[in-house]
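Structure below is my_file00.cif: mmCIF, C-alpha atoms, pLDDT in the B column; chains and numbers go by the auth columns.
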```cif
data_upload
#
loop_
_atom_site.group_PDB
_atom_site.id
_atom_site.type_symbol
_atom_site.label_atom_id
_atom_site.label_comp_id
_atom_site.label_asym_id
_atom_site.label_seq_id
_atom_site.Cartn_x
_atom_site.Cartn_y
_atom_site.Cartn_z
_atom_site.B_iso_or_equiv
_atom_site.auth_seq_id
_atom_site.auth_asym_id
ATOM 1 C CA MET A 1 51.140 -23.711 12.964 62.00 18 A
ATOM 2 C CA SER A 2 47.550 -22.556 12.495 70.00 19 A
ATOM 3 C CA GLU A 3 45.708 -20.141 14.734 77.00 20 A
ATOM 4 C CA PRO A 4 43.437 -21.688 17.367 83.00 21 A
ATOM 5 C CA HIS A 5 39.684 -21.464 16.822 91.00 22 A
ATOM 6 C CA ARG A 6 38.231 -18.485 18.701 94.00 23 A
ATOM 7 C CA CYS A 7 34.843 -16.964 19.308 94.00 24 A
ATOM 8 C CA THR A 8 33.898 -15.194 16.077 93.00 25 A
ATOM 9 C CA TRP A 9 33.632 -11.741 17.691 94.00 26 A
ATOM 10 C CA ALA A 10 37.334 -11.874 18.644 94.00 27 A
ATOM 11 C CA GLU A 11 38.661 -12.414 15.114 91.00 28 A
ATOM 12 C CA SER A 12 38.196 -8.910 13.702 89.00 29 A
ATOM 13 C CA ASP A 13 40.804 -7.009 15.704 94.00 30 A
ATOM 14 C CA LEU A 14 44.154 -7.818 17.339 96.00 31 A
ATOM 15 C CA LEU A 15 43.176 -6.026 20.561 97.00 32 A
ATOM 16 C CA LEU A 16 39.899 -7.978 20.744 96.00 33 A
ATOM 17 C CA ARG A 17 41.817 -11.178 20.075 96.00 34 A
ATOM 18 C CA ALA A 18 44.274 -10.521 22.923 96.00 35 A
ATOM 19 C CA TYR A 19 41.402 -9.557 25.253 97.00 36 A
ATOM 20 C CA HIS A 20 39.534 -12.739 24.328 96.00 37 A
ATOM 21 C CA ASP A 21 42.575 -14.971 24.707 95.00 38 A
ATOM 22 C CA LYS A 22 43.742 -13.621 28.066 96.00 39 A
ATOM 23 C CA GLU A 23 40.814 -12.020 29.904 96.00 40 A
ATOM 24 C CA TRP A 24 37.293 -12.536 28.598 96.00 41 A
ATOM 25 C CA GLY A 25 35.514 -15.305 30.418 95.00 42 A
ATOM 26 C CA VAL A 26 38.254 -15.888 32.981 95.00 43 A
ATOM 27 C CA PRO A 27 36.591 -15.995 36.411 96.00 44 A
ATOM 28 C CA GLN A 28 37.423 -12.799 38.254 97.00 45 A
ATOM 29 C CA TYR A 29 37.059 -12.784 42.032 97.00 46 A
ATOM 30 C CA ASP A 30 38.879 -9.566 42.913 98.00 47 A
ATOM 31 C CA SER A 31 36.307 -7.029 44.112 98.00 48 A
ATOM 32 C CA ARG A 32 38.089 -3.991 42.735 98.00 49 A
ATOM 33 C CA ALA A 33 38.658 -5.598 39.336 98.00 50 A
ATOM 34 C CA LEU A 34 35.017 -6.697 39.156 98.00 51 A
ATOM 35 C CA TRP A 35 33.868 -3.177 39.993 98.00 52 A
ATOM 36 C CA GLU A 36 36.200 -1.671 37.355 98.00 53 A
ATOM 37 C CA LEU A 37 34.874 -4.048 34.729 98.00 54 A
ATOM 38 C CA LEU A 38 31.265 -3.240 35.669 98.00 55 A
ATOM 39 C CA MET A 39 31.968 0.479 35.374 98.00 56 A
ATOM 40 C CA LEU A 40 33.638 -0.006 31.982 98.00 57 A
ATOM 41 C CA GLU A 41 30.677 -2.077 30.792 97.00 58 A
ATOM 42 C CA GLY A 42 28.491 0.875 31.780 97.00 59 A
ATOM 43 C CA PHE A 43 30.616 3.208 29.667 98.00 60 A
ATOM 44 C CA GLN A 44 30.206 0.784 26.780 96.00 61 A
ATOM 45 C CA ALA A 45 26.402 1.164 26.780 94.00 62 A
ATOM 46 C CA GLY A 46 25.351 2.142 23.271 93.00 63 A
ATOM 47 C CA LEU A 47 28.862 1.672 21.883 95.00 64 A
ATOM 48 C CA ALA A 48 31.068 -1.189 20.728 94.00 65 A
ATOM 49 C CA TRP A 49 33.233 -2.875 23.375 95.00 66 A
ATOM 50 C CA ILE A 50 36.310 -2.253 21.218 96.00 67 A
ATOM 51 C CA THR A 51 35.777 1.481 21.814 97.00 68 A
ATOM 52 C CA VAL A 52 36.123 0.991 25.567 97.00 69 A
ATOM 53 C CA LEU A 53 38.941 -1.496 25.166 97.00 70 A
ATOM 54 C CA ARG A 54 40.951 0.996 23.108 97.00 71 A
ATOM 55 C CA LYS A 55 40.399 3.640 25.781 98.00 72 A
ATOM 56 C CA ARG A 56 40.850 1.360 28.807 98.00 73 A
ATOM 57 C CA GLU A 57 44.286 2.632 29.813 98.00 74 A
ATOM 58 C CA ALA A 58 43.104 6.237 29.486 98.00 75 A
ATOM 59 C CA PHE A 59 40.088 5.357 31.646 98.00 76 A
ATOM 60 C CA ARG A 60 42.383 3.808 34.243 98.00 77 A
ATOM 61 C CA LYS A 61 44.525 6.934 34.327 98.00 78 A
ATOM 62 C CA ALA A 62 41.524 9.269 34.438 98.00 79 A
ATOM 63 C CA PHE A 63 39.776 7.258 37.170 98.00 80 A
ATOM 64 C CA ARG A 64 42.891 6.737 39.319 98.00 81 A
ATOM 65 C CA ASP A 65 43.270 3.041 38.461 98.00 82 A
ATOM 66 C CA PHE A 66 39.625 2.519 39.410 98.00 83 A
ATOM 67 C CA GLU A 67 40.461 2.547 43.100 98.00 84 A
ATOM 68 C CA PRO A 68 36.963 2.954 44.546 98.00 85 A
ATOM 69 C CA ALA A 69 38.140 4.882 47.619 98.00 86 A
ATOM 70 C CA ARG A 70 39.821 7.467 45.373 98.00 87 A
ATOM 71 C CA VAL A 71 36.959 7.693 42.878 98.00 88 A
ATOM 72 C CA ALA A 72 34.421 8.040 45.705 98.00 89 A
ATOM 73 C CA ARG A 73 36.111 11.323 46.667 98.00 90 A
ATOM 74 C CA PHE A 74 35.732 12.812 43.182 98.00 91 A
ATOM 75 C CA GLY A 75 33.880 16.103 43.109 98.00 92 A
ATOM 76 C CA GLU A 76 32.805 18.677 40.553 98.00 93 A
ATOM 77 C CA VAL A 77 36.411 19.611 39.705 98.00 94 A
ATOM 78 C CA ASP A 78 37.077 15.974 38.809 98.00 95 A
ATOM 79 C CA VAL A 79 33.889 15.752 36.750 98.00 96 A
ATOM 80 C CA THR A 80 34.958 18.855 34.822 98.00 97 A
ATOM 81 C CA ARG A 81 38.418 17.321 34.287 98.00 98 A
ATOM 82 C CA LEU A 82 36.861 14.066 33.040 98.00 99 A
ATOM 83 C CA MET A 83 34.397 15.854 30.763 98.00 100 A
ATOM 84 C CA GLY A 84 37.350 17.646 29.177 98.00 101 A
ATOM 85 C CA ASN A 85 39.365 14.465 28.639 98.00 102 A
ATOM 86 C CA PRO A 86 39.187 13.486 24.949 98.00 103 A
ATOM 87 C CA ASP A 87 40.799 10.110 25.675 98.00 104 A
ATOM 88 C CA ILE A 88 37.738 8.709 27.479 98.00 105 A
ATOM 89 C CA ILE A 89 34.018 8.533 26.755 98.00 106 A
ATOM 90 C CA ARG A 90 32.757 11.896 27.972 97.00 107 A
ATOM 91 C CA SER A 91 29.257 11.165 29.146 97.00 108 A
ATOM 92 C CA ARG A 92 28.263 13.127 32.242 98.00 109 A
ATOM 93 C CA THR A 93 25.709 10.503 33.287 98.00 110 A
ATOM 94 C CA LYS A 94 28.240 7.662 32.950 98.00 111 A
ATOM 95 C CA ILE A 95 30.914 9.620 34.815 98.00 112 A
ATOM 96 C CA ASP A 96 28.429 10.424 37.595 98.00 113 A
ATOM 97 C CA ALA A 97 27.365 6.754 37.688 98.00 114 A
ATOM 98 C CA THR A 98 30.993 5.679 38.140 98.00 115 A
ATOM 99 C CA ILE A 99 31.573 8.113 41.005 98.00 116 A
ATOM 100 C CA SER A 100 28.296 7.077 42.603 98.00 117 A
ATOM 101 C CA GLY A 101 29.222 3.419 42.049 98.00 118 A
ATOM 102 C CA ALA A 102 32.504 3.977 43.892 98.00 119 A
ATOM 103 C CA ARG A 103 30.628 5.470 46.835 98.00 120 A
ATOM 104 C CA ILE A 104 28.247 2.497 46.923 98.00 121 A
ATOM 105 C CA TYR A 105 31.200 0.086 46.730 98.00 122 A
ATOM 106 C CA GLU A 106 32.897 1.882 49.621 98.00 123 A
ATOM 107 C CA GLU A 107 29.680 1.893 51.672 98.00 124 A
ATOM 108 C CA MET A 108 29.360 -1.857 51.161 98.00 125 A
ATOM 109 C CA LYS A 109 32.967 -2.273 52.286 98.00 126 A
ATOM 110 C CA ARG A 110 32.382 -0.157 55.416 98.00 127 A
ATOM 111 C CA ASN A 111 29.388 -2.382 56.195 98.00 128 A
ATOM 112 C CA GLY A 112 31.563 -5.492 55.960 98.00 129 A
ATOM 113 C CA GLU A 113 30.231 -6.549 52.550 98.00 130 A
ATOM 114 C CA ASP A 114 32.661 -7.761 49.930 98.00 131 A
ATOM 115 C CA PHE A 115 31.593 -6.782 46.401 98.00 132 A
ATOM 116 C CA SER A 116 32.953 -10.003 44.899 98.00 133 A
ATOM 117 C CA GLU A 117 31.146 -12.197 47.420 98.00 134 A
ATOM 118 C CA PHE A 118 27.947 -10.209 46.885 98.00 135 A
ATOM 119 C CA VAL A 119 27.864 -10.647 43.101 97.00 136 A
ATOM 120 C CA TRP A 120 29.253 -14.184 42.997 98.00 137 A
ATOM 121 C CA ASN A 121 26.672 -15.308 45.569 97.00 138 A
ATOM 122 C CA LEU A 122 23.967 -13.887 43.320 96.00 139 A
ATOM 123 C CA ALA A 123 25.491 -15.851 40.426 95.00 140 A
ATOM 124 C CA GLY A 124 25.492 -19.108 42.388 95.00 141 A
ATOM 125 C CA GLY A 125 29.107 -19.003 43.555 95.00 142 A
ATOM 126 C CA LYS A 126 30.766 -20.575 40.534 94.00 143 A
ATOM 127 C CA PRO A 127 30.967 -20.057 36.769 95.00 144 A
ATOM 128 C CA ILE A 128 27.987 -21.168 34.712 94.00 145 A
ATOM 129 C CA LYS A 129 28.856 -22.932 31.457 89.00 146 A
ATOM 130 C CA ASN A 130 26.440 -22.113 28.681 88.00 147 A
ATOM 131 C CA LYS A 131 25.635 -25.502 27.188 84.00 148 A
ATOM 132 C CA THR A 132 23.209 -24.293 24.518 83.00 149 A
ATOM 133 C CA GLY A 133 25.667 -22.635 22.153 76.00 150 A
ATOM 134 C CA GLU A 134 23.182 -19.753 21.916 86.00 151 A
ATOM 135 C CA VAL A 135 24.402 -16.480 23.412 91.00 152 A
ATOM 136 C CA PRO A 136 21.530 -14.430 24.809 93.00 153 A
ATOM 137 C CA ALA A 137 21.579 -10.676 25.332 95.00 154 A
ATOM 138 C CA LYS A 138 20.251 -11.175 28.855 96.00 155 A
ATOM 139 C CA THR A 139 19.014 -13.960 31.094 96.00 156 A
ATOM 140 C CA PRO A 140 16.737 -14.259 34.117 96.00 157 A
ATOM 141 C CA LEU A 141 19.912 -14.322 36.235 97.00 158 A
ATOM 142 C CA SER A 142 21.273 -11.118 34.674 98.00 159 A
ATOM 143 C CA GLU A 143 17.872 -9.549 35.329 98.00 160 A
ATOM 144 C CA GLU A 144 18.090 -10.658 38.981 98.00 161 A
ATOM 145 C CA ILE A 145 21.650 -9.359 39.418 98.00 162 A
ATOM 146 C CA SER A 146 20.720 -6.126 37.640 98.00 163 A
ATOM 147 C CA ALA A 147 17.806 -5.618 40.034 98.00 164 A
ATOM 148 C CA ALA A 148 20.037 -6.297 43.060 98.00 165 A
ATOM 149 C CA LEU A 149 22.654 -3.808 41.831 98.00 166 A
ATOM 150 C CA LYS A 150 19.997 -1.189 41.059 98.00 167 A
ATOM 151 C CA LYS A 151 18.511 -1.695 44.520 98.00 168 A
ATOM 152 C CA ARG A 152 21.936 -0.774 45.908 97.00 169 A
ATOM 153 C CA GLY A 153 21.900 2.367 43.766 98.00 170 A
ATOM 154 C CA PHE A 154 24.228 1.375 40.927 98.00 171 A
ATOM 155 C CA LYS A 155 23.472 2.933 37.526 98.00 172 A
ATOM 156 C CA PHE A 156 24.089 1.634 33.989 97.00 173 A
ATOM 157 C CA VAL A 157 23.538 -1.907 35.235 98.00 174 A
ATOM 158 C CA GLY A 158 20.602 -3.034 33.136 98.00 175 A
ATOM 159 C CA PRO A 159 20.231 -6.769 32.410 98.00 176 A
ATOM 160 C CA VAL A 160 22.040 -6.560 29.040 97.00 177 A
ATOM 161 C CA ILE A 161 25.021 -4.693 30.506 98.00 178 A
ATOM 162 C CA VAL A 162 25.078 -7.071 33.462 98.00 179 A
ATOM 163 C CA TYR A 163 25.043 -10.106 31.179 98.00 180 A
ATOM 164 C CA ALA A 164 27.975 -8.727 29.169 97.00 181 A
ATOM 165 C CA TRP A 165 29.763 -8.139 32.483 98.00 182 A
ATOM 166 C CA MET A 166 28.961 -11.687 33.619 98.00 183 A
ATOM 167 C CA GLN A 167 30.502 -13.004 30.394 97.00 184 A
ATOM 168 C CA ALA A 168 33.589 -10.806 30.657 97.00 185 A
ATOM 169 C CA SER A 169 34.174 -11.602 34.345 97.00 186 A
ATOM 170 C CA GLY A 170 33.735 -15.344 33.882 96.00 187 A
ATOM 171 C CA MET A 171 30.500 -15.698 35.842 97.00 188 A
ATOM 172 C CA VAL A 172 29.149 -17.303 32.707 96.00 189 A
ATOM 173 C CA ASN A 173 31.238 -19.149 30.137 94.00 190 A
ATOM 174 C CA ASP A 174 29.897 -18.167 26.739 94.00 191 A
ATOM 175 C CA HIS A 175 32.922 -19.172 24.701 93.00 192 A
ATOM 176 C CA ALA A 176 31.777 -20.812 21.481 92.00 193 A
ATOM 177 C CA PRO A 177 31.693 -24.630 21.557 91.00 194 A
ATOM 178 C CA ARG A 178 34.761 -24.875 19.285 90.00 195 A
ATOM 179 C CA CYS A 179 36.679 -22.002 20.925 92.00 196 A
ATOM 180 C CA PHE A 180 40.000 -23.029 22.429 93.00 197 A
ATOM 181 C CA ARG A 181 39.171 -21.017 25.589 93.00 198 A
ATOM 182 C CA ARG A 182 35.874 -22.825 26.288 90.00 199 A
ATOM 183 C CA ASN A 183 37.398 -25.550 28.437 86.00 200 A
ATOM 184 C CA ALA A 184 40.412 -23.512 29.556 77.00 201 A
ATOM 185 C CA THR A 185 38.318 -21.519 32.028 63.00 202 A
ATOM 186 C CA LYS A 186 36.799 -23.235 35.013 56.00 203 A
#
```

Write-out of the structure in C-alpha cells:
Amino acid sequence: MSEPHRCTWAESDLLLRAYHDKEWGVPQYDSRALWELLMLEGFQAGLAWITVLRKREAFRKAFRDFEPARVARFGEVDVTRLMGNPDIIRSRTKIDATISGARIYEEMKRNGEDFSEFVWNLAGGKPIKNKTGEVPAKTPLSEEISAALKKRGFKFVGPVIVYAWMQASGMVNDHAPRCFRRNATK
C-alpha cells in the first residue's frame, strides 16, 4: 500500500510527518493547548519548526506542562534554571515572553475571559479553508490577531508567527489541495 499524499513540508522527517498527520491543522479549542502552541511558535522564531518539535517534550518538562498558572509564578530562579537547560532553546527574551504570556493568560482568566474564545472569535469562530492553494507567510487576519495579542501584552506574536500558529491550531486549513488531511479537518 502506498503512502498517502501529504503536504510537501511534512515529507522530509518522520517526526514532521507524524506531527502533520495527527496534529497540524486540526482545530484546537482548548485554551491551555492553544497558549502552549503559541508560546512554542514564539520559541520557533528564527528557527525551523523541527527544532522546536524535537525539543517539545523538554519544553513541556521545563515549563511545567505549560500550565499557565504555574508558569506565571516563575521568577528569576526559574529563568536561571531555564537558561541553563541545554534541552530547550535558551533565549532570555523568549523565556521572559513565555512567563509574561502566562501572566497575561491568567489575568484574562481572572477577568472571565477564555483564551480560546478570545482568539477563535478574532478568527471568525470556525476554521478557514484556504481555497487558493497559495500559502502566505501572513494575512490581514494574522495581522489583526497579532495586533490584538500585542495589545494584551503578548510578545513574539508578530503576524508571521501568528499565521503559523493559526495553521498549526487549525484556525486556517492550509493543507495542500492533494493532501489527505485537507478534507479530514473541519

Given the PyMOL selection byres ((chain A and resi 156) around 12) and the file above, list the residues it selects as a PDB file with C-alpha atoms, in the coordinates of the input.
```pdb
ATOM      1  CA  ALA A 140      25.491 -15.851  40.426  1.00 95.00           C
ATOM      2  CA  ASN A 147      26.440 -22.113  28.681  1.00 88.00           C
ATOM      3  CA  GLU A 151      23.182 -19.753  21.916  1.00 86.00           C
ATOM      4  CA  VAL A 152      24.402 -16.480  23.412  1.00 91.00           C
ATOM      5  CA  PRO A 153      21.530 -14.430  24.809  1.00 93.00           C
ATOM      6  CA  ALA A 154      21.579 -10.676  25.332  1.00 95.00           C
ATOM      7  CA  LYS A 155      20.251 -11.175  28.855  1.00 96.00           C
ATOM      8  CA  PRO A 157      16.737 -14.259  34.117  1.00 96.00           C
ATOM      9  CA  LEU A 158      19.912 -14.322  36.235  1.00 97.00           C
ATOM     10  CA  SER A 159      21.273 -11.118  34.674  1.00 98.00           C
ATOM     11  CA  GLU A 160      17.872  -9.549  35.329  1.00 98.00           C
ATOM     12  CA  GLU A 161      18.090 -10.658  38.981  1.00 98.00           C
ATOM     13  CA  ILE A 162      21.650  -9.359  39.418  1.00 98.00           C
ATOM     14  CA  SER A 163      20.720  -6.126  37.640  1.00 98.00           C
ATOM     15  CA  GLY A 175      20.602  -3.034  33.136  1.00 98.00           C
ATOM     16  CA  PRO A 176      20.231  -6.769  32.410  1.00 98.00           C
ATOM     17  CA  VAL A 177      22.040  -6.560  29.040  1.00 97.00           C
ATOM     18  CA  ILE A 178      25.021  -4.693  30.506  1.00 98.00           C
ATOM     19  CA  VAL A 179      25.078  -7.071  33.462  1.00 98.00           C
ATOM     20  CA  TYR A 180      25.043 -10.106  31.179  1.00 98.00           C
ATOM     21  CA  ALA A 181      27.975  -8.727  29.169  1.00 97.00           C
ATOM     22  CA  MET A 183      28.961 -11.687  33.619  1.00 98.00           C
ATOM     23  CA  GLN A 184      30.502 -13.004  30.394  1.00 97.00           C
ATOM     24  CA  VAL A 189      29.149 -17.303  32.707  1.00 96.00           C
TER      25      VAL A 189
END
```

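Comparing the minimum interatomic distances between Phe171 in chain A and each of A:Gly59, A:Gly118, A:Pro44, A:Gly129, counting only C-alpha atoms, we find that A:Gly118 sits nearest.
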
| said: Translate the PyMOL selection byres ((chain A and resi 84) around 12) into a concrete residue list for this structure, as a ChimeraX atom specification. | reply: /A:48-53,56,76-83,85-91,115-116,118-120,122-123

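Relative to CA of Ala114 in chain A, CA of Asp38 in chain A is found at 29.5 Å.
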
| message | As a check of understanding, name the residues that the PyMOL selection byres ((chain A and resi 196) around 6) selects in the supplied structure, as a PyMOL selection string. | response | chain A and resi 22-24+193-195+197-199

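Picture a line from CA of Lys111 in chain A to CA of Phe60 in chain A; it runs 6.0 Å.
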
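Going from CA of Leu139 in chain A over to CA of Lys172 in chain A, you cover 17.8 Å.
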
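Proximity to Ser133 in chain A was assessed for A:Gln45, A:Thr25, A:Thr97, A:Asn200 counting all atoms listed in the file; the smallest distance is recorded for A:Gln45.
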
Taking all atoms of range 120-132 of chain A that the file lists, what box with edges along x, y and z, padded by 6 Å per side, do you get, with centre and edge lengths in Å to one decimal, as lines of an AutoDock Vina configuration file?
```
center_x = 30.6
center_y = -1.1
center_z = 51.3
size_x = 16.7
size_y = 25.2
size_z = 21.8
```

| task | Take the point (30.7, -27.8, 32.7) in the file's coordinates, draw a sphere of radius 10 Å around it, and report as JSON, numbers by chain every protein, DNA or RNA residue with an atom inside or on it, counting all atoms listed in the file. | result | {"A": [144, 145, 146, 147, 148, 190, 199, 200, 202, 203]}

With C-alpha atoms retained, could you export that selection as an mmCIF file, keeping the file's coordinate frame?
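In the end it all went to part-v1.cif:
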```
data_model
loop_
_atom_site.group_PDB
_atom_site.id
_atom_site.type_symbol
_atom_site.label_atom_id
_atom_site.label_comp_id
_atom_site.auth_asym_id
_atom_site.auth_seq_id
_atom_site.Cartn_x
_atom_site.Cartn_y
_atom_site.Cartn_z
ATOM 1 C CA PRO A 144 30.967 -20.057 36.769
ATOM 2 C CA ILE A 145 27.987 -21.168 34.712
ATOM 3 C CA LYS A 146 28.856 -22.932 31.457
ATOM 4 C CA ASN A 147 26.440 -22.113 28.681
ATOM 5 C CA LYS A 148 25.635 -25.502 27.188
ATOM 6 C CA ASN A 190 31.238 -19.149 30.137
ATOM 7 C CA ARG A 199 35.874 -22.825 26.288
ATOM 8 C CA ASN A 200 37.398 -25.550 28.437
ATOM 9 C CA THR A 202 38.318 -21.519 32.028
ATOM 10 C CA LYS A 203 36.799 -23.235 35.013
#
```

| query | From the set A:Leu57, A:Val96, A:Asp30, A:Gly187, which residue has the shortest atom-to-atom contact distance to Gly142 in chain A, counting only C-alpha atoms? | reply | A:Gly187

| message | So that I can check the surroundings of Ala27 in chain A, please list as a list in words every protein, DNA and RNA residue that reaches within 7 Å of it, counting only C-alpha atoms and ignoring chain neighbours fewer than 6 positions away. | response | Leu33, Arg34 and His37 of chain A

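Residue nearest Leu99 in chain A, chosen from A:Ala75, A:Ile121, A:Val43, A:Ala165 and counting only C-alpha atoms: A:Ala75.
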
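Closest approach to Ser29 in chain A among A:Val94, A:Ile67, A:Ala62, A:Leu54: A:Ile67, based on all atoms listed in the file.
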
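Considering the residues A:Lys143, A:Lys126, A:Arg71, A:Arg98 and counting only C-alpha atoms, Tyr36 in chain A has its shortest atom-to-atom contact with A:Arg71.
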